[in-house]
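A.B. asks: My structure is in run09.txt, and what it holds is compact mmCIF, C-alpha atoms and all ligand atoms:
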# COMPACT_ATOMS: atom_id res chain seq x y z
CA MET A 25 0.00 0.00 0.00
CA PRO A 26 1.44 3.46 -0.85
CA GLN A 27 2.43 5.52 2.16
CA LEU A 28 0.87 8.94 2.82
CA LEU A 29 4.16 10.89 2.69
CA GLU A 30 6.08 8.70 0.25
CA GLY A 31 8.78 10.73 -1.58
CA MET A 32 8.34 13.68 0.79
CA THR A 33 10.89 15.33 3.09
CA GLY A 34 10.55 17.13 6.41
CA LEU A 35 12.48 19.27 8.86
CA VAL A 36 11.21 18.72 12.40
CA VAL A 37 12.17 21.36 14.99
CA GLY A 38 11.36 20.80 18.66
CA VAL A 39 12.26 17.24 19.66
CA ALA A 40 13.70 17.24 23.19
CA ASN A 41 12.73 13.77 24.43
CA LYS A 42 10.33 10.90 23.83
CA ARG A 43 7.40 12.86 25.29
CA SER A 44 7.85 15.80 22.88
CA ILE A 45 4.93 16.46 20.54
CA ALA A 46 7.55 16.93 17.80
CA TRP A 47 8.79 13.38 18.44
CA ALA A 48 5.31 11.92 17.97
CA ILE A 49 5.05 13.88 14.70
CA ALA A 50 8.49 12.71 13.54
CA ARG A 51 7.63 9.05 14.29
CA LYS A 52 4.36 9.23 12.35
CA MET A 53 5.93 11.08 9.40
CA ASP A 54 8.73 8.50 9.32
CA ALA A 55 6.24 5.63 9.40
CA GLU A 56 4.41 7.22 6.45
CA GLY A 57 7.58 7.25 4.34
CA ALA A 58 8.89 10.82 4.74
CA ARG A 59 12.66 11.33 4.92
CA LEU A 60 13.47 13.59 7.87
CA VAL A 61 16.01 15.87 9.48
CA LEU A 62 15.61 16.46 13.22
CA THR A 63 17.12 19.34 15.18
CA TYR A 64 18.32 19.63 18.77
CA GLN A 65 18.47 22.83 20.77
CA GLY A 66 21.88 22.44 22.42
CA GLU A 67 24.39 19.98 23.83
CA ARG A 68 22.03 19.16 26.72
CA THR A 69 19.55 17.46 24.39
CA GLU A 70 21.86 16.34 21.56
CA GLY A 71 22.44 12.80 22.91
CA ASP A 72 18.73 12.15 23.53
CA VAL A 73 17.67 13.45 20.11
CA ARG A 74 20.36 11.43 18.31
CA LYS A 75 19.29 8.25 20.15
CA LEU A 76 15.65 8.84 19.16
CA ALA A 77 16.64 9.66 15.56
CA ASP A 78 18.53 6.34 15.35
CA THR A 79 15.24 4.51 15.89
CA LEU A 80 13.66 6.06 12.78
CA ALA A 81 13.84 4.36 9.39
CA ASN A 82 14.32 7.49 7.30
CA CYS A 83 16.11 10.14 9.39
CA VAL A 84 19.01 11.34 7.23
CA ALA A 85 20.58 13.92 9.60
CA VAL A 86 20.39 15.54 13.02
CA VAL A 87 21.49 19.18 13.18
CA PRO A 88 21.86 21.81 15.94
CA LEU A 89 19.31 24.61 15.99
CA ASP A 90 18.82 27.34 18.56
CA VAL A 91 16.07 29.51 17.09
CA GLN A 92 17.55 32.63 18.70
CA ASP A 93 20.64 32.26 16.50
CA ASP A 94 20.00 33.60 12.96
CA ALA A 95 23.28 32.21 11.60
CA GLN A 96 22.43 28.74 12.91
CA ILE A 97 18.90 28.92 11.47
CA ALA A 98 20.46 29.63 8.05
CA SER A 99 23.19 26.99 8.29
CA SER A 100 20.97 24.24 9.72
CA VAL A 101 18.13 24.79 7.24
CA SER A 102 20.67 24.75 4.43
CA ALA A 103 22.29 21.54 5.80
CA ALA A 104 18.84 19.95 6.10
CA ALA A 105 17.91 20.92 2.53
CA ASP A 106 21.19 19.46 1.24
CA ALA A 107 20.75 16.22 3.16
CA LEU A 108 17.12 15.85 2.03
CA GLY A 109 17.45 17.26 -1.50
CA GLY A 110 14.77 19.90 -0.72
CA ILE A 111 12.21 20.50 2.04
CA ASP A 112 8.47 19.78 1.72
CA VAL A 113 7.41 20.08 5.36
CA LEU A 114 8.51 22.23 8.31
CA VAL A 115 7.28 21.34 11.78
CA HIS A 116 7.74 24.12 14.38
CA ALA A 117 7.16 22.78 17.91
CA VAL A 118 9.18 25.24 19.96
CA ALA A 119 8.26 27.41 22.94
CA PHE A 120 9.96 28.93 25.96
CA ALA A 121 9.23 31.50 28.67
CA ARG A 122 11.15 32.24 31.86
CA PRO A 123 9.66 30.41 34.87
CA GLU A 124 9.16 33.75 36.67
CA ASP A 125 6.94 34.91 33.80
CA LEU A 126 4.58 31.94 34.20
CA GLY A 127 2.20 31.29 37.06
CA GLY A 128 2.06 34.73 38.65
CA ARG A 129 0.31 37.81 37.25
CA PHE A 130 0.71 38.69 33.56
CA VAL A 131 0.84 42.36 34.51
CA ASP A 132 4.20 41.71 36.20
CA THR A 133 5.88 40.34 33.04
CA SER A 134 9.21 42.08 32.46
CA ARG A 135 10.11 43.63 29.11
CA GLU A 136 13.04 41.21 28.86
CA GLY A 137 10.85 38.18 29.63
CA PHE A 138 8.26 39.31 27.10
CA HIS A 139 10.89 39.71 24.36
CA LEU A 140 12.46 36.33 25.14
CA ALA A 141 9.16 34.43 25.10
CA LEU A 142 7.98 36.01 21.85
CA ASP A 143 11.39 35.70 20.19
CA ILE A 144 11.64 31.95 20.83
CA SER A 145 7.97 30.99 20.67
CA SER A 146 6.61 33.27 17.93
CA PHE A 147 9.18 35.15 15.80
CA SER A 148 11.16 31.93 15.28
CA LEU A 149 8.36 30.66 13.00
CA ALA A 150 8.82 33.64 10.67
CA ALA A 151 12.61 33.31 10.78
CA LEU A 152 12.45 29.60 9.92
CA ALA A 153 9.81 30.13 7.23
CA ARG A 154 12.05 32.69 5.51
CA GLU A 155 14.90 30.16 5.35
CA VAL A 156 12.84 27.17 4.18
CA GLU A 157 10.90 29.17 1.59
CA PRO A 158 13.40 28.82 -1.31
CA HIS A 159 13.78 25.09 -0.63
CA MET A 160 10.01 24.64 -0.74
CA VAL A 161 9.64 26.83 -3.84
CA ALA A 162 12.18 24.57 -5.55
CA ARG A 163 9.91 21.60 -4.74
CA GLY A 164 6.82 23.38 -6.10
CA GLY A 165 5.28 24.09 -2.69
CA GLY A 166 5.25 22.86 0.87
CA SER A 167 3.56 22.73 4.25
CA ILE A 168 4.60 24.63 7.38
CA MET A 169 2.94 23.94 10.72
CA ALA A 170 3.28 25.29 14.25
CA LEU A 171 1.95 24.18 17.63
CA SER A 172 -0.38 26.50 19.52
CA TYR A 173 -2.67 26.48 22.55
CA ILE A 174 -6.15 27.88 23.31
CA ALA A 175 -4.56 30.53 25.58
CA ALA A 176 -3.97 32.36 22.27
CA ASP A 177 -7.72 33.15 22.20
CA ARG A 178 -8.64 33.26 25.87
CA ALA A 179 -6.98 34.42 29.08
CA VAL A 180 -5.75 31.30 30.87
CA PRO A 181 -4.50 32.35 34.33
CA GLY A 182 -0.84 31.40 34.77
CA TYR A 183 -0.17 30.83 31.07
CA ASN A 184 0.42 34.58 30.82
CA VAL A 185 3.16 35.64 28.42
CA MET A 186 2.99 32.28 26.65
CA GLY A 187 -0.67 33.00 25.80
CA VAL A 188 0.40 36.29 24.22
CA ALA A 189 3.18 34.44 22.37
CA LYS A 190 0.64 31.93 21.01
CA SER A 191 -1.65 34.79 19.84
CA ALA A 192 1.33 36.21 17.94
CA LEU A 193 2.19 32.76 16.59
CA GLU A 194 -1.32 32.23 15.18
CA SER A 195 -1.26 35.70 13.64
CA ILE A 196 2.14 34.95 12.09
CA VAL A 197 0.60 31.77 10.62
CA ARG A 198 -2.04 33.90 8.87
CA TYR A 199 0.46 36.46 7.52
CA LEU A 200 2.83 33.73 6.32
CA SER A 201 -0.05 31.93 4.62
CA TRP A 202 -0.59 35.05 2.51
CA ASP A 203 3.10 35.72 1.80
CA LEU A 204 3.97 32.14 0.88
CA GLY A 205 0.66 31.00 -0.60
CA GLU A 206 1.51 32.21 -4.09
CA HIS A 207 4.28 29.58 -4.15
CA GLY A 208 1.95 26.79 -3.06
CA ILE A 209 3.31 26.84 0.49
CA ARG A 210 0.62 26.27 3.12
CA VAL A 211 0.98 27.49 6.70
CA ASN A 212 -1.20 26.26 9.57
CA ALA A 213 -1.29 25.83 13.33
CA ILE A 214 -2.47 22.95 15.48
CA SER A 215 -3.96 24.12 18.77
CA ALA A 216 -3.39 21.13 21.03
CA GLY A 217 -5.07 20.35 24.34
CA PRO A 218 -2.85 19.82 27.38
CA VAL A 219 -0.23 17.07 26.97
CA ARG A 220 2.18 16.19 29.78
CA THR A 221 5.54 17.15 28.22
CA LEU A 222 8.71 18.91 29.43
CA ALA A 223 7.44 22.34 28.28
CA ALA A 224 4.07 21.73 29.96
CA ARG A 225 5.78 20.93 33.27
CA GLY A 226 7.14 24.50 33.21
CA ILE A 227 3.58 25.89 33.58
CA PRO A 228 2.80 26.11 37.32
CA GLY A 229 -0.41 24.24 38.17
CA PHE A 230 -0.40 22.50 34.77
CA GLY A 231 -1.55 19.16 36.27
CA THR A 232 -4.60 20.68 37.98
CA MET A 233 -5.39 22.81 34.93
CA ALA A 234 -5.19 19.75 32.68
CA ASP A 235 -7.50 17.76 35.00
CA THR A 236 -10.07 20.60 35.04
CA ILE A 237 -9.94 20.97 31.27
CA ASN A 238 -10.18 17.23 30.65
CA ALA A 239 -13.34 17.02 32.78
CA ARG A 240 -14.94 19.70 30.57
CA THR A 241 -14.10 18.30 27.13
CA PRO A 242 -16.89 16.83 25.00
CA LEU A 243 -14.85 13.63 24.73
CA ARG A 244 -14.19 13.70 28.53
CA ARG A 245 -10.58 12.62 28.30
CA GLU A 246 -7.02 13.78 27.73
CA ILE A 247 -5.54 13.97 24.28
CA THR A 248 -2.27 12.26 23.31
CA GLN A 249 0.82 13.30 21.39
CA ASP A 250 -0.11 10.71 18.77
CA GLU A 251 -3.49 12.36 18.16
CA VAL A 252 -1.74 15.70 17.56
CA ALA A 253 0.66 13.88 15.23
CA ASP A 254 -2.25 12.43 13.20
CA THR A 255 -3.45 15.97 12.42
CA ALA A 256 0.16 16.92 11.61
CA LEU A 257 0.20 14.06 9.06
CA PHE A 258 -2.98 15.47 7.49
CA LEU A 259 -1.41 18.96 7.29
CA ALA A 260 1.84 17.56 5.86
CA SER A 261 0.06 15.53 3.20
CA PRO A 262 -1.81 16.42 0.01
CA LEU A 263 -5.03 15.57 1.91
CA SER A 264 -4.95 19.18 3.18
CA ALA A 265 -4.09 20.71 -0.21
CA SER A 266 -6.49 23.67 0.21
CA VAL A 267 -6.05 24.23 3.94
CA THR A 268 -3.91 27.24 4.86
CA GLY A 269 -3.94 30.11 7.35
CA GLU A 270 -5.91 27.83 9.69
CA THR A 271 -5.65 26.86 13.34
CA ILE A 272 -7.00 23.35 13.89
CA PHE A 273 -7.99 22.38 17.44
CA VAL A 274 -6.90 18.93 18.59
CA ASP A 275 -8.27 19.24 22.11
CA ALA A 276 -11.06 16.66 22.46
CA GLY A 277 -13.50 19.51 21.76
CA PHE A 278 -12.68 21.76 24.76
CA HIS A 279 -12.62 24.90 22.58
CA ALA A 280 -16.32 24.40 21.76
CA MET A 281 -17.41 24.67 25.39
CA GLY A 282 -18.70 27.65 27.38
CA LEU A 283 -18.53 27.54 31.17
P1 LIG B 1 8.85 19.96 24.65
O1 LIG B 1 9.52 20.56 25.86
O2 LIG B 1 9.07 18.54 24.40
O3 LIG B 1 9.21 20.81 23.36
C1 LIG B 1 9.57 22.17 23.41
C2 LIG B 1 10.77 22.31 22.52
O4 LIG B 1 11.15 23.68 22.40
C3 LIG B 1 12.00 21.55 23.05
O5 LIG B 1 12.44 20.64 22.08
C4 LIG B 1 13.02 22.64 23.26
O6 LIG B 1 14.34 22.22 22.99
C5 LIG B 1 12.54 23.66 22.22
N1 LIG B 1 13.13 24.98 22.42
C6 LIG B 1 12.98 25.84 23.46
N2 LIG B 1 13.76 26.93 23.28
C7 LIG B 1 14.40 26.74 22.07
C8 LIG B 1 15.35 27.49 21.34
N3 LIG B 1 15.82 28.67 21.77
N4 LIG B 1 15.79 27.00 20.14
C9 LIG B 1 15.34 25.80 19.68
N5 LIG B 1 14.45 25.04 20.35
C10 LIG B 1 13.99 25.51 21.53
O7 LIG B 1 7.29 20.28 24.88
P2 LIG B 1 6.03 20.16 23.90
O8 LIG B 1 4.86 20.23 24.80
O9 LIG B 1 6.20 19.01 22.99
O10 LIG B 1 6.07 21.54 23.10
C11 LIG B 1 6.06 21.59 21.67
C12 LIG B 1 5.11 22.70 21.21
O11 LIG B 1 3.77 22.32 21.51
C13 LIG B 1 5.34 24.05 21.88
O12 LIG B 1 5.14 25.09 20.93
C14 LIG B 1 4.23 24.08 22.92
O13 LIG B 1 3.88 25.40 23.32
C15 LIG B 1 3.13 23.42 22.11
N6 LIG B 1 1.98 22.96 22.90
C16 LIG B 1 2.15 22.12 23.94
C17 LIG B 1 1.05 21.71 24.67
C18 LIG B 1 1.21 20.82 25.86
O14 LIG B 1 0.26 20.73 26.67
N7 LIG B 1 2.32 20.12 26.02
C19 LIG B 1 -0.25 22.16 24.33
C20 LIG B 1 -0.38 23.01 23.23
C21 LIG B 1 0.74 23.40 22.52
Would you encode the structure as structure tokens?
C.D. replies:
Amino acid sequence: MPQLLEGMTGLVVGVANKRSIAWAIARKMDAEGARLVLTYQGERTEGDVRKLADTLANCVAVVPLDVQDDAQIASSVSAAADALGGIDVLVHAVAFARPEDLGGRFVDTSREGFHLALDISSFSLAALAREVEPHMVARGGGSIMALSYIAADRAVPGYNVMGVAKSALESIVRYLSWDLGEHGIRVNAISAGPVRTLAARGIPGFGTMADTINARTPLRREITQDEVADTALFLASPLSASVTGETIFVDAGFHAMGL
């Protein structure tokens, strides 16, 4: 049976460990025949990411990428494009805010903390899109996706500056969809429900928040990394050929609820 992503290539940014949403996406893309390059943020995660990459059938390279470093964005995207012979899919699953800017009052966010959170969690999508664009144009189009959260639309106490960063991220998705659409490049976001990952553990009270949310979802359960990855497969594949500028909720229906 032909695989969904046969002959396609992808750059996956945001694998830290086996719980990472980006890792679930990489595994599913690999299983559907895509050839991949994974990135790691720094020496601290390099070993773990390389070990995970070794378990994939079609991972051709693992490259360093700190999204605050413009030179590294350029060199790593270029290395990925060389190793893959072009890039069809970019997965952006990156976020960071200082612990002191999460959990307290948003009004107390420092200017420095605000800039850091939006630089890493929002602007990085535009910076990466700019670098992958020529490699996607050369392939006749592509698909870019980013990971968001409902705190982009609603005030979620404690999520604070990360909610503002996700609002910016979803807006960036819409602007990029216009800029890149004429080249057949689609840009979308997946707004995932709570998943217990490393980044999620940085949100104070995440466990309680997740339990409350899960009790109020139409499906009355948590979501999994694999369910997010299934929607990522759809966005990566020709099945979503006319979907762009969109934020798709994968949250067991929580976004549809009132009080
Ligand atoms: P994770 O901790 O596994 O992934 C976050 C990644 O961001 C890590 O790989 C980390 O290395 C990377 N990162 C942070 N700063 C970076 C930098 N300067 N340069 C390069 N990489 C950097 O956690 P996750 O939950 O899988 O997060 C992936 C994405 O999913 C994030 O955008 C997150 O906001 C989003 N998301 C998560 C949840 C959840 O509940 N876990 C819900 C909705 C959206």
A.B. asks: Using all atoms listed in the file, which of the listed residues (A:Ile209, A:Ala265, A:Leu152, A:Ala107) sits closest to ligand LIG 1 (chain B)?
C.D. replies: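 Closest candidate: A:Leu152.
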A.B. asks: Using only C-alpha atoms and all ligand atoms, what table do you get, as JSON lines, when you list each residue of chain A with an atom no more than 7 Å from ligand LIG 1 (chain B), its nearest pair of atoms, and their distance in Å rounded to one decimal, rows by chain then rising number?
C.D. replies:
{"residue": "A:Val37", "atom": "CA", "partner": "B:LIG1", "partner_atom": "N5", "distance": 6.9}
{"residue": "A:Gly38", "atom": "CA", "partner": "B:LIG1", "partner_atom": "O5", "distance": 3.6}
{"residue": "A:Val39", "atom": "CA", "partner": "B:LIG1", "partner_atom": "O5", "distance": 4.2}
{"residue": "A:Ala40", "atom": "CA", "partner": "B:LIG1", "partner_atom": "O5", "distance": 3.8}
{"residue": "A:Asn41", "atom": "CA", "partner": "B:LIG1", "partner_atom": "O2", "distance": 6.0}
{"residue": "A:Arg43", "atom": "CA", "partner": "B:LIG1", "partner_atom": "O2", "distance": 6.0}
{"residue": "A:Ser44", "atom": "CA", "partner": "B:LIG1", "partner_atom": "O2", "distance": 3.4}
{"residue": "A:Ile45", "atom": "CA", "partner": "B:LIG1", "partner_atom": "O9", "distance": 3.8}
{"residue": "A:Ala46", "atom": "CA", "partner": "B:LIG1", "partner_atom": "O9", "distance": 5.8}
{"residue": "A:Tyr64", "atom": "CA", "partner": "B:LIG1", "partner_atom": "O6", "distance": 6.4}
{"residue": "A:Gln65", "atom": "CA", "partner": "B:LIG1", "partner_atom": "C9", "distance": 4.5}
{"residue": "A:Leu89", "atom": "CA", "partner": "B:LIG1", "partner_atom": "C9", "distance": 5.5}
{"residue": "A:Asp90", "atom": "CA", "partner": "B:LIG1", "partner_atom": "N4", "distance": 3.4}
{"residue": "A:Val91", "atom": "CA", "partner": "B:LIG1", "partner_atom": "N4", "distance": 4.0}
{"residue": "A:Gln92", "atom": "CA", "partner": "B:LIG1", "partner_atom": "N3", "distance": 5.3}
{"residue": "A:Ala117", "atom": "CA", "partner": "B:LIG1", "partner_atom": "C12", "distance": 3.9}
{"residue": "A:Val118", "atom": "CA", "partner": "B:LIG1", "partner_atom": "O4", "distance": 3.5}
{"residue": "A:Ala119", "atom": "CA", "partner": "B:LIG1", "partner_atom": "O12", "distance": 4.4}
{"residue": "A:Phe120", "atom": "CA", "partner": "B:LIG1", "partner_atom": "C6", "distance": 5.0}
{"residue": "A:Ile144", "atom": "CA", "partner": "B:LIG1", "partner_atom": "N3", "distance": 5.4}
{"residue": "A:Ser145", "atom": "CA", "partner": "B:LIG1", "partner_atom": "O12", "distance": 6.5}
{"residue": "A:Ala170", "atom": "CA", "partner": "B:LIG1", "partner_atom": "O12", "distance": 6.9}
{"residue": "A:Leu171", "atom": "CA", "partner": "B:LIG1", "partner_atom": "O11", "distance": 4.7}
{"residue": "A:Ser172", "atom": "CA", "partner": "B:LIG1", "partner_atom": "C21", "distance": 4.5}
{"residue": "A:Tyr173", "atom": "CA", "partner": "B:LIG1", "partner_atom": "C20", "distance": 4.2}
{"residue": "A:Ser215", "atom": "CA", "partner": "B:LIG1", "partner_atom": "C20", "distance": 5.8}
{"residue": "A:Ala216", "atom": "CA", "partner": "B:LIG1", "partner_atom": "C20", "distance": 4.2}
{"residue": "A:Gly217", "atom": "CA", "partner": "B:LIG1", "partner_atom": "C19", "distance": 5.1}
{"residue": "A:Pro218", "atom": "CA", "partner": "B:LIG1", "partner_atom": "O14", "distance": 3.3}
{"residue": "A:Val219", "atom": "CA", "partner": "B:LIG1", "partner_atom": "O14", "distance": 3.7}
{"residue": "A:Arg220", "atom": "CA", "partner": "B:LIG1", "partner_atom": "N7", "distance": 5.4}
{"residue": "A:Thr221", "atom": "CA", "partner": "B:LIG1", "partner_atom": "O8", "distance": 4.7}
{"residue": "A:Leu222", "atom": "CA", "partner": "B:LIG1", "partner_atom": "O1", "distance": 4.0}
{"residue": "A:Ala223", "atom": "CA", "partner": "B:LIG1", "partner_atom": "O1", "distance": 3.7}
{"residue": "A:Ala224", "atom": "CA", "partner": "B:LIG1", "partner_atom": "N7", "distance": 4.6}
A.B. asks: Suppose you want the space between atom CA of Val101 of chain A and atom CA of Cys83 of chain A; what is it in Å?
C.D. replies: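 Atom CA of Val101 of chain A sits 14.9 Å away from atom CA of Cys83 of chain A.
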A.B. asks: Mind giving me the straight-line distance from atom CA of Thr255 of chain A to atom CA of Ala179 of chain A in Å, one decimal?
C.D. replies: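 Atom-to-atom, atom CA of Thr255 of chain A and atom CA of Ala179 of chain A are spaced 25.1 Å apart.
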A.B. asks: Of the residues A:Glu270, A:Asp275, A:Asp125, A:Asp112, which is the one nearest to Gly187 of chain A, using all atoms listed in the file?
C.D. replies: A:Asp125
A.B. asks: Point out the residue among A:Asp93, A:Glu136, A:Asp54, A:Asp106 with the least atom-to-atom distance to Gly31 of chain A, counting only C-alpha atoms.
C.D. replies: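 Of A:Asp93, A:Glu136, A:Asp54, A:Asp106, the one nearest Gly31 of chain A, counting only C-alpha atoms, is A:Asp54.
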A.B. asks: Could you tell me how far atom CA of Gly277 of chain A lies from atom CA of Ala239 of chain A, in Å and to one decimal?
C.D. replies: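 So the answer is 11.3 Å.
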A.B. asks: Given only C-alpha atoms as the basis, pick out the residue of A:Ala175, A:Ser167, A:Met25, A:Ala121 nearest to Pro262 of chain A.
C.D. replies: A:Ser167
A.B. asks: As a PDB file with C-alpha atoms, in the frame of the given file, please: the residues near Pro181 of chain A (cut-off 9 Å, all atoms listed in the file, same-chain neighbours under 4 positions excluded).
C.D. replies:
ATOM      1  CA  GLY A 127       2.200  31.290  37.060  1.00  0.00           C
ATOM      2  CA  GLY A 128       2.060  34.730  38.650  1.00  0.00           C
ATOM      3  CA  ARG A 129       0.310  37.810  37.250  1.00  0.00           C
ATOM      4  CA  PHE A 130       0.710  38.690  33.560  1.00  0.00           C
ATOM      5  CA  ALA A 175      -4.560  30.530  25.580  1.00  0.00           C
TER       6      ALA A 175
END
A.B. asks: I'd like the neighbourhood of Gly57 of chain A as number ranges by chain, where a residue qualifies if any of its atoms comes within 9 Å (using all atoms listed in the file), though same-chain residues fewer than 6 positions away should be ignored.
C.D. replies: A: 26-33, 81-82
A.B. asks: Ranking A:Ile196, A:Leu76, A:Val211, A:Ala280 by minimum distance to Phe147 of chain A and counting only C-alpha atoms, which one comes first?
C.D. replies: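 Closest to Phe147 of chain A, using only C-alpha atoms: A:Ile196.
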A.B. asks: Tell me which of A:Leu62, A:Ile111, A:Gly164, A:Glu67 sits closest to Val87 of chain A, counting only C-alpha atoms.
C.D. replies: A:Leu62
A.B. asks: As a list in words, please: the residues near Thr268 of chain A (cut-off 7 Å, all atoms listed in the file, same-chain neighbours under 3 positions excluded).
C.D. replies: Ser201, Arg210, Val211 and Asn212 of chain A
